[in-house]
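Visitor: The structure follows.
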Amino acid sequence: MRITGGRSKGRVIAAPDGEKVRPTASKIRQAFFNILGHKIVGARFLDLFAGSGIMGIEALSRGAEGLVAIEESRRLTRAIEVNLARFGYKAEVICGDVCKVLPALNCEMFDVVFADPPYQSRLALSILGGVDRHKLLKQDGILAIEHSRAMLLAEELSTLTAFDRRLYGQTAITFYQLKD
């Protein structure tokens with residue numbers, strides 16, 4: 001997996017063998033960062049279900065100011081830390097269950113929250129509720145959830161509203177923002 005843009009463009013991310021990781025495809029990453037391009041520079045980025053860490057590291061490469069990456073696998077968490085060090089980036093990497101860690105982030109506010117939960121789970125719904133309930137987005141922040149095209153997510157929650165849905169083969173990304 002290669003970084004597709006920014007100061008680390010072309011550099012390779014290493015991930016341990018044997019882990020069940022479904023990294024966001026490069027064409028989807030490029031599209032995501034093109035859509036949010038202006039919001040990434042200087043942003044605080046939260047990467048949920050970080051896996052290989054490619055999305056968060058790509059955000060840093062493209063000018064994000066801060067990164068918090070949450071991943072349940074110790075091996076993947078360690079690989080993210082190694083890649084961050086190799087590239088000279090600083091970030092907070094948390095090894096834990098995303099649904100249990102979200103409440104601890106209650107005081108933090110993020111410009112961009114990206115979640116890529118396992119497609120066969122219902123965790124996308126939990127993430128929507130958790131980001132909504134714990135008010136993790138800044139006023140002009142964006143929540144983006146990568147999910148199976150077949151899964152339809154809620155259009156509105158108490159504080160969030162969907163404003164865009166992009167389709168890439170069997171993958172979709174639904175974008176949310178705070179209600180006015």
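FYI, nothing fancy with the structure tokens labels: chains A, B, ... in order, residues from 1 per chain, ligands from 1 as they appear.
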Neighbours of segment 123-138 of chain A within 8 Å (only C-alpha atoms; same-chain residues fewer than 6 positions away dropped), as a list in words?

Guide: Cys99, Leu102, Pro103, Leu105, Asn106, Cys107, Glu108, Met109, Phe110, Asp111, Val112, Val113, Ala115, Asp116, Pro117, Ile145, His147, Leu153, Leu157, Ser158, Thr159, Leu160 and Leu178 of chain A

Visitor: Can you write out the residues you just picked, keeping C-alpha atoms, as a PDB file, in the first residue's frame?

Guide:
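Now in result_4.pdb:
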ATOM      1  CA  CYS A  99     -17.086   1.385  20.857  1.00  0.00           C
ATOM      2  CA  LEU A 102     -15.309   6.584  21.924  1.00  0.00           C
ATOM      3  CA  PRO A 103     -16.786   7.660  25.293  1.00  0.00           C
ATOM      4  CA  LEU A 105     -12.842  10.870  23.671  1.00  0.00           C
ATOM      5  CA  ASN A 106     -15.849  12.862  24.871  1.00  0.00           C
ATOM      6  CA  CYS A 107     -13.833  16.049  25.459  1.00  0.00           C
ATOM      7  CA  GLU A 108     -12.098  15.953  22.109  1.00  0.00           C
ATOM      8  CA  MET A 109     -13.333  17.566  18.975  1.00  0.00           C
ATOM      9  CA  PHE A 110     -12.271  16.477  15.504  1.00  0.00           C
ATOM     10  CA  ASP A 111     -12.413  18.115  12.103  1.00  0.00           C
ATOM     11  CA  VAL A 112     -12.621  14.753  10.313  1.00  0.00           C
ATOM     12  CA  VAL A 113     -13.713  11.377  11.664  1.00  0.00           C
ATOM     13  CA  ALA A 115     -14.606   4.990  10.179  1.00  0.00           C
ATOM     14  CA  ASP A 116     -14.086   1.776   8.238  1.00  0.00           C
ATOM     15  CA  PRO A 117     -15.763  -0.941  10.333  1.00  0.00           C
ATOM     16  CA  ILE A 145     -18.160   6.043   7.113  1.00  0.00           C
ATOM     17  CA  HIS A 147     -19.354   0.616   4.278  1.00  0.00           C
ATOM     18  CA  LEU A 153     -27.241   4.243   6.902  1.00  0.00           C
ATOM     19  CA  LEU A 157     -29.554  11.538  13.906  1.00  0.00           C
ATOM     20  CA  SER A 158     -30.106  13.991  16.740  1.00  0.00           C
ATOM     21  CA  THR A 159     -27.150  16.205  15.771  1.00  0.00           C
ATOM     22  CA  LEU A 160     -25.928  14.719  12.464  1.00  0.00           C
ATOM     23  CA  LEU A 178     -23.661  18.620  12.176  1.00  0.00           C
TER      24      LEU A 178
END

Visitor: Near Phe163 of chain A, within 8 Å and counting only C-alpha atoms, which residues show up once chain neighbours fewer than 4 positions away are dropped, as a ChimeraX atom specification?

Guide: /A:174-177

Visitor: How about saving the chosen residues, C-alpha atoms kept, as a short mmCIF file (atom, residue, chain, number, x, y, z; two decimals), in the first residue's frame?

Guide:
data_model
loop_
_atom_site.label_atom_id
_atom_site.label_comp_id
_atom_site.auth_asym_id
_atom_site.auth_seq_id
_atom_site.Cartn_x
_atom_site.Cartn_y
_atom_site.Cartn_z
CA THR A 174 -21.50 8.24 3.50
CA PHE A 175 -20.62 11.73 4.73
CA TYR A 176 -22.24 13.45 7.72
CA GLN A 177 -22.07 16.90 9.22
#

Visitor: Excluding Val82 of chain A and any residue of its chain fewer than 2 positions from it, enumerate the residues within 12 Å of it, using only C-alpha atoms, and give them as a list in words.

Guide: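 The filter keeps Ile13, Ala14, Ala15, Pro16, Ser52, Gly53, Ile57, Arg75, Leu76, Thr77, Arg78, Ala79, Ile80, Leu84, Ala85, Arg86, Phe87, Gly88, Tyr89, Lys90, Ala91 and Val93 of chain A.
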
Visitor: Go ahead and dump the residues you just picked, N, CA and C atoms, as a compact mmCIF listing (two decimals), in the first residue's frame.

Guide:
# COMPACT_ATOMS: atom_id res chain seq x y z
N ILE A 13 3.40 1.69 3.04
CA ILE A 13 2.97 1.36 4.41
C ILE A 13 3.13 -0.14 4.59
N ALA A 14 3.79 -0.55 5.66
CA ALA A 14 3.95 -1.98 5.95
C ALA A 14 2.87 -2.41 6.94
N ALA A 15 2.30 -3.59 6.71
CA ALA A 15 1.31 -4.17 7.62
C ALA A 15 1.70 -5.62 7.87
N PRO A 16 1.46 -6.13 9.09
CA PRO A 16 1.86 -7.51 9.37
C PRO A 16 1.07 -8.52 8.56
N SER A 52 -4.46 -0.94 8.97
CA SER A 52 -3.06 -0.70 8.61
C SER A 52 -2.62 0.72 8.97
N GLY A 53 -3.59 1.61 9.20
CA GLY A 53 -3.28 3.01 9.50
C GLY A 53 -3.16 3.88 8.26
N ILE A 57 -2.40 8.01 8.24
CA ILE A 57 -1.07 8.39 7.77
C ILE A 57 -1.18 9.23 6.50
N ARG A 75 -1.11 -6.21 17.10
CA ARG A 75 -0.13 -6.30 16.01
C ARG A 75 -0.30 -5.13 15.03
N LEU A 76 -1.54 -4.81 14.69
CA LEU A 76 -1.77 -3.70 13.77
C LEU A 76 -1.45 -2.36 14.43
N THR A 77 -1.78 -2.23 15.71
CA THR A 77 -1.46 -1.00 16.43
C THR A 77 0.05 -0.77 16.42
N ARG A 78 0.80 -1.81 16.68
CA ARG A 78 2.26 -1.71 16.68
C ARG A 78 2.77 -1.35 15.28
N ALA A 79 2.18 -1.95 14.24
CA ALA A 79 2.59 -1.64 12.87
C ALA A 79 2.31 -0.17 12.53
N ILE A 80 1.18 0.36 12.99
CA ILE A 80 0.87 1.78 12.77
C ILE A 80 1.94 2.64 13.44
N LEU A 84 4.40 5.25 11.54
CA LEU A 84 4.44 6.66 11.92
C LEU A 84 5.87 7.10 12.21
N ALA A 85 6.59 6.29 12.96
CA ALA A 85 7.98 6.62 13.29
C ALA A 85 8.85 6.66 12.03
N ARG A 86 8.66 5.69 11.13
CA ARG A 86 9.43 5.66 9.87
C ARG A 86 9.24 6.94 9.06
N PHE A 87 8.01 7.46 9.07
CA PHE A 87 7.71 8.65 8.28
C PHE A 87 7.96 9.94 9.05
N GLY A 88 8.25 9.83 10.34
CA GLY A 88 8.50 11.02 11.16
C GLY A 88 7.24 11.74 11.61
N TYR A 89 6.13 11.03 11.69
CA TYR A 89 4.87 11.62 12.14
C TYR A 89 4.62 11.27 13.61
N LYS A 90 3.97 12.18 14.31
CA LYS A 90 3.55 11.92 15.68
C LYS A 90 2.03 11.81 15.69
N ALA A 91 1.53 10.85 16.45
CA ALA A 91 0.08 10.65 16.55
C ALA A 91 -0.20 9.83 17.80
N VAL A 93 -1.96 6.59 19.07
CA VAL A 93 -2.48 5.32 18.59
C VAL A 93 -3.02 4.56 19.80

Visitor: Considering only helix (DSSP H, G or I) as DSSP defines it on the backbone, what residues of segment 65-145 of chain A qualify? List them as an MDAnalysis selection string.

Guide: chainID A and resid 74:87 98:105 123:133

Visitor: Export, as a JSON list (two decimals), in the first residue's frame, the selected residues with N, CA and C atoms.

Guide:
[["chain", "number", "residue", "atom", "x", "y", "z"],
["A", 74, "ARG", "N", -3.48, -5.63, 18.54],
["A", 74, "ARG", "CA", -2.17, -5.17, 19.04],
["A", 74, "ARG", "C", -1.12, -5.18, 17.93],
["A", 75, "ARG", "N", -1.11, -6.21, 17.10],
["A", 75, "ARG", "CA", -0.13, -6.30, 16.01],
["A", 75, "ARG", "C", -0.30, -5.13, 15.03],
["A", 76, "LEU", "N", -1.54, -4.81, 14.69],
["A", 76, "LEU", "CA", -1.77, -3.70, 13.77],
["A", 76, "LEU", "C", -1.45, -2.36, 14.43],
["A", 77, "THR", "N", -1.78, -2.23, 15.71],
["A", 77, "THR", "CA", -1.46, -1.00, 16.43],
["A", 77, "THR", "C", 0.05, -0.77, 16.42],
["A", 78, "ARG", "N", 0.80, -1.81, 16.68],
["A", 78, "ARG", "CA", 2.26, -1.71, 16.68],
["A", 78, "ARG", "C", 2.77, -1.35, 15.28],
["A", 79, "ALA", "N", 2.18, -1.95, 14.24],
["A", 79, "ALA", "CA", 2.59, -1.64, 12.87],
["A", 79, "ALA", "C", 2.31, -0.17, 12.53],
["A", 80, "ILE", "N", 1.18, 0.36, 12.99],
["A", 80, "ILE", "CA", 0.87, 1.78, 12.77],
["A", 80, "ILE", "C", 1.94, 2.64, 13.44],
["A", 81, "GLU", "N", 2.30, 2.31, 14.68],
["A", 81, "GLU", "CA", 3.31, 3.08, 15.40],
["A", 81, "GLU", "C", 4.66, 3.04, 14.67],
["A", 82, "VAL", "N", 5.03, 1.87, 14.16],
["A", 82, "VAL", "CA", 6.28, 1.72, 13.42],
["A", 82, "VAL", "C", 6.25, 2.57, 12.14],
["A", 83, "ASN", "N", 5.15, 2.53, 11.40],
["A", 83, "ASN", "CA", 5.03, 3.33, 10.18],
["A", 83, "ASN", "C", 5.08, 4.82, 10.48],
["A", 84, "LEU", "N", 4.40, 5.25, 11.54],
["A", 84, "LEU", "CA", 4.44, 6.66, 11.92],
["A", 84, "LEU", "C", 5.87, 7.10, 12.21],
["A", 85, "ALA", "N", 6.59, 6.29, 12.96],
["A", 85, "ALA", "CA", 7.98, 6.62, 13.29],
["A", 85, "ALA", "C", 8.85, 6.66, 12.03],
["A", 86, "ARG", "N", 8.66, 5.69, 11.13],
["A", 86, "ARG", "CA", 9.43, 5.66, 9.87],
["A", 86, "ARG", "C", 9.24, 6.94, 9.06],
["A", 87, "PHE", "N", 8.01, 7.46, 9.07],
["A", 87, "PHE", "CA", 7.71, 8.65, 8.28],
["A", 87, "PHE", "C", 7.96, 9.94, 9.05],
["A", 98, "VAL", "N", -13.21, 0.11, 19.57],
["A", 98, "VAL", "CA", -13.65, 1.46, 19.20],
["A", 98, "VAL", "C", -14.87, 1.89, 20.00],
["A", 99, "CYS", "N", -15.85, 1.01, 20.16],
["A", 99, "CYS", "CA", -17.09, 1.38, 20.86],
["A", 99, "CYS", "C", -16.84, 1.70, 22.33],
["A", 100, "LYS", "N", -15.80, 1.11, 22.91],
["A", 100, "LYS", "CA", -15.46, 1.40, 24.31],
["A", 100, "LYS", "C", -14.56, 2.61, 24.44],
["A", 101, "VAL", "N", -13.79, 2.91, 23.42],
["A", 101, "VAL", "CA", -12.87, 4.04, 23.46],
["A", 101, "VAL", "C", -13.60, 5.36, 23.16],
["A", 102, "LEU", "N", -14.61, 5.34, 22.30],
["A", 102, "LEU", "CA", -15.31, 6.58, 21.92],
["A", 102, "LEU", "C", -15.76, 7.42, 23.12],
["A", 103, "PRO", "N", -16.37, 6.83, 24.15],
["A", 103, "PRO", "CA", -16.79, 7.66, 25.29],
["A", 103, "PRO", "C", -15.62, 8.37, 25.99],
["A", 104, "ALA", "N", -14.44, 7.79, 25.95],
["A", 104, "ALA", "CA", -13.26, 8.41, 26.57],
["A", 104, "ALA", "C", -12.79, 9.62, 25.77],
["A", 105, "LEU", "N", -13.22, 9.74, 24.52],
["A", 105, "LEU", "CA", -12.84, 10.87, 23.67],
["A", 105, "LEU", "C", -13.83, 12.01, 23.79],
["A", 123, "LEU", "N", -21.46, -2.40, 13.03],
["A", 123, "LEU", "CA", -20.71, -1.39, 13.78],
["A", 123, "LEU", "C", -20.84, 0.02, 13.19],
["A", 124, "ALA", "N", -21.14, 0.14, 11.92],
["A", 124, "ALA", "CA", -21.33, 1.47, 11.33],
["A", 124, "ALA", "C", -22.44, 2.22, 12.07],
["A", 125, "LEU", "N", -23.50, 1.49, 12.43],
["A", 125, "LEU", "CA", -24.61, 2.11, 13.17],
["A", 125, "LEU", "C", -24.16, 2.54, 14.56],
["A", 126, "SER", "N", -23.34, 1.72, 15.21],
["A", 126, "SER", "CA", -22.82, 2.08, 16.54],
["A", 126, "SER", "C", -21.93, 3.32, 16.47],
["A", 127, "ILE", "N", -21.14, 3.41, 15.41],
["A", 127, "ILE", "CA", -20.26, 4.56, 15.25],
["A", 127, "ILE", "C", -21.07, 5.83, 15.03],
["A", 128, "LEU", "N", -22.07, 5.74, 14.19],
["A", 128, "LEU", "CA", -22.95, 6.90, 13.98],
["A", 128, "LEU", "C", -23.51, 7.39, 15.30],
["A", 129, "GLY", "N", -24.06, 6.47, 16.08],
["A", 129, "GLY", "CA", -24.63, 6.83, 17.37],
["A", 129, "GLY", "C", -23.59, 7.37, 18.34],
["A", 130, "GLY", "N", -22.40, 6.76, 18.35],
["A", 130, "GLY", "CA", -21.34, 7.19, 19.27],
["A", 130, "GLY", "C", -20.81, 8.58, 18.95],
["A", 131, "VAL", "N", -20.56, 8.86, 17.68],
["A", 131, "VAL", "CA", -20.07, 10.18, 17.29],
["A", 131, "VAL", "C", -21.14, 11.23, 17.58],
["A", 132, "ASP", "N", -22.39, 10.90, 17.32],
["A", 132, "ASP", "CA", -23.51, 11.79, 17.60],
["A", 132, "ASP", "C", -23.62, 12.04, 19.11],
["A", 133, "ARG", "N", -23.68, 11.00, 19.89],
["A", 133, "ARG", "CA", -23.90, 11.07, 21.34],
["A", 133, "ARG", "C", -22.74, 11.76, 22.07]]

Visitor: When DSSP works through the backbone of this structure, what residues of segment 34-106 of chain A end up as strand (DSSP E or B), shown as number ranges by chain?

Guide: A: 44-48, 66-71, 92-95

Visitor: With N, CA and C atoms kept, could you save the residues just selected as a JSON list (two decimals), in the first residue's frame?

Guide:
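In the end it all went to again-v1.json:
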[["chain", "number", "residue", "atom", "x", "y", "z"],
["A", 44, "ARG", "N", -7.66, 18.01, 12.78],
["A", 44, "ARG", "CA", -7.51, 16.92, 13.75],
["A", 44, "ARG", "C", -8.33, 15.77, 13.17],
["A", 45, "PHE", "N", -7.67, 14.64, 12.92],
["A", 45, "PHE", "CA", -8.24, 13.51, 12.19],
["A", 45, "PHE", "C", -8.37, 12.33, 13.14],
["A", 46, "LEU", "N", -9.55, 11.73, 13.19],
["A", 46, "LEU", "CA", -9.81, 10.53, 14.00],
["A", 46, "LEU", "C", -10.06, 9.37, 13.06],
["A", 47, "ASP", "N", -9.22, 8.33, 13.17],
["A", 47, "ASP", "CA", -9.31, 7.15, 12.31],
["A", 47, "ASP", "C", -9.80, 5.97, 13.15],
["A", 48, "LEU", "N", -11.06, 5.57, 12.92],
["A", 48, "LEU", "CA", -11.67, 4.47, 13.67],
["A", 48, "LEU", "C", -11.55, 3.17, 12.88],
["A", 66, "GLY", "N", -3.15, 16.73, 13.43],
["A", 66, "GLY", "CA", -3.14, 15.72, 14.47],
["A", 66, "GLY", "C", -3.90, 14.49, 14.04],
["A", 67, "LEU", "N", -3.53, 13.36, 14.64],
["A", 67, "LEU", "CA", -4.18, 12.08, 14.34],
["A", 67, "LEU", "C", -4.36, 11.29, 15.61],
["A", 68, "VAL", "N", -5.56, 10.76, 15.78],
["A", 68, "VAL", "CA", -5.83, 9.73, 16.77],
["A", 68, "VAL", "C", -6.32, 8.53, 15.98],
["A", 69, "ALA", "N", -5.62, 7.41, 16.11],
["A", 69, "ALA", "CA", -5.98, 6.18, 15.40],
["A", 69, "ALA", "C", -6.36, 5.14, 16.44],
["A", 70, "ILE", "N", -7.50, 4.49, 16.24],
["A", 70, "ILE", "CA", -7.98, 3.46, 17.16],
["A", 70, "ILE", "C", -8.09, 2.15, 16.40],
["A", 71, "GLU", "N", -7.43, 1.12, 16.93],
["A", 71, "GLU", "CA", -7.43, -0.21, 16.33],
["A", 71, "GLU", "C", -7.41, -1.24, 17.45],
["A", 92, "GLU", "N", -1.45, 9.85, 18.21],
["A", 92, "GLU", "CA", -1.87, 9.00, 19.31],
["A", 92, "GLU", "C", -2.50, 7.75, 18.71],
["A", 93, "VAL", "N", -1.96, 6.59, 19.07],
["A", 93, "VAL", "CA", -2.48, 5.32, 18.59],
["A", 93, "VAL", "C", -3.02, 4.56, 19.80],
["A", 94, "ILE", "N", -4.29, 4.23, 19.76],
["A", 94, "ILE", "CA", -4.96, 3.57, 20.88],
["A", 94, "ILE", "C", -5.33, 2.16, 20.47],
["A", 95, "CYS", "N", -4.91, 1.20, 21.27],
["A", 95, "CYS", "CA", -5.28, -0.20, 21.04],
["A", 95, "CYS", "C", -6.50, -0.49, 21.90]]

Visitor: Which residues are near Tyr168 of chain A? Cut-off 10 Å, only C-alpha atoms, ignore same chain within fewer than 2 positions. Put them as a compact mmCIF listing (two decimals) with N, CA and C atoms, in the first residue's frame.

Guide:
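This is the output file out-v9.txt:
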# COMPACT_ATOMS: atom_id res chain seq x y z
N ALA A 25 -9.03 1.05 -0.63
CA ALA A 25 -8.35 1.01 -1.93
C ALA A 25 -7.81 2.40 -2.29
N LYS A 27 -7.81 4.10 -5.04
CA LYS A 27 -8.70 5.01 -5.79
C LYS A 27 -9.76 5.61 -4.88
N ILE A 28 -10.20 4.86 -3.86
CA ILE A 28 -11.18 5.39 -2.91
C ILE A 28 -10.50 6.42 -2.00
N ALA A 31 -10.10 9.61 -3.95
CA ALA A 31 -11.39 10.29 -4.07
C ALA A 31 -11.78 10.95 -2.75
N SER A 148 -20.35 -1.22 3.11
CA SER A 148 -20.83 -1.96 1.95
C SER A 148 -21.90 -1.14 1.24
N ARG A 149 -21.86 -1.15 -0.05
CA ARG A 149 -22.86 -0.44 -0.85
C ARG A 149 -24.28 -0.87 -0.48
N ARG A 166 -21.11 8.48 -1.72
CA ARG A 166 -20.36 8.17 -2.94
C ARG A 166 -20.24 6.67 -3.06
N GLN A 170 -18.51 -2.04 -4.94
CA GLN A 170 -19.31 -2.56 -3.82
C GLN A 170 -19.12 -1.76 -2.54
N THR A 171 -18.36 -0.67 -2.62
CA THR A 171 -18.06 0.17 -1.46
C THR A 171 -18.81 1.49 -1.56
N ALA A 172 -19.22 2.00 -0.41
CA ALA A 172 -19.84 3.32 -0.33
C ALA A 172 -19.17 4.10 0.79
N ILE A 173 -19.16 5.39 0.66
CA ILE A 173 -18.77 6.27 1.76
C ILE A 173 -19.90 7.26 1.94

Visitor: Need to verify the contact set: Arg7 of chain A, 10 Å, only C-alpha atoms, exclusion of same-chain residues closer than 5 positions in sequence. Can you return it as a list in words?

Guide: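 Contacts, with the query itself left out: Glu58, Leu60, Ser61, Arg62, Gly63 and Phe87 of chain A.
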
Visitor: Have a look at atom CA of Ala162 of chain A and atom CA of Met1 of chain A and let me know their distance in Å, one decimal.

Guide: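 That distance, rounded to one decimal, is 29.6 Å.
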
Visitor: A:Ala59, A:Phe33, A:Lys39, A:Tyr119: which is nearest Leu152 of chain A, counting only C-alpha atoms?

Guide: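 When distances to Leu152 of chain A are compared using only C-alpha atoms, the smallest one comes from A:Tyr119.
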
Visitor: Quick check, in Å to one decimal: how far apart do atom CA of Ala144 of chain A and atom CA of Arg2 of chain A lie?

Guide: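 Separating atom CA of Ala144 of chain A from atom CA of Arg2 of chain A is a distance of 21.1 Å.
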
Visitor: Please determine, counting only C-alpha atoms, which residue among A:Arg165, A:Arg29, A:Arg122, A:His38 has the shortest atom-to-atom distance to Ile54 of chain A.

Guide: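 Ranked by minimum distance to Ile54 of chain A, first place goes to A:Arg29.
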
Visitor: Between A:Leu167, A:Ile3, A:Ile142, A:Ala154, which has the minimum distance to Leu36 of chain A (counting only C-alpha atoms)?

Guide: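 Closest candidate: A:Ile142.
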
Visitor: Quick one, how far is atom CA of Gly42 of chain A from atom CA of Val12 of chain A?

Guide: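 Interatomic distance, atom CA of Gly42 of chain A to atom CA of Val12 of chain A: 23.2 Å.
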
Visitor: Considering only C-alpha atoms, state which residue in the set A:Gln120, A:Arg11, A:Glu72, A:Gly6 is at the smallest distance from Val41 of chain A.

Guide: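 Using only C-alpha atoms, the shortest distance to Val41 of chain A belongs to A:Gly6.
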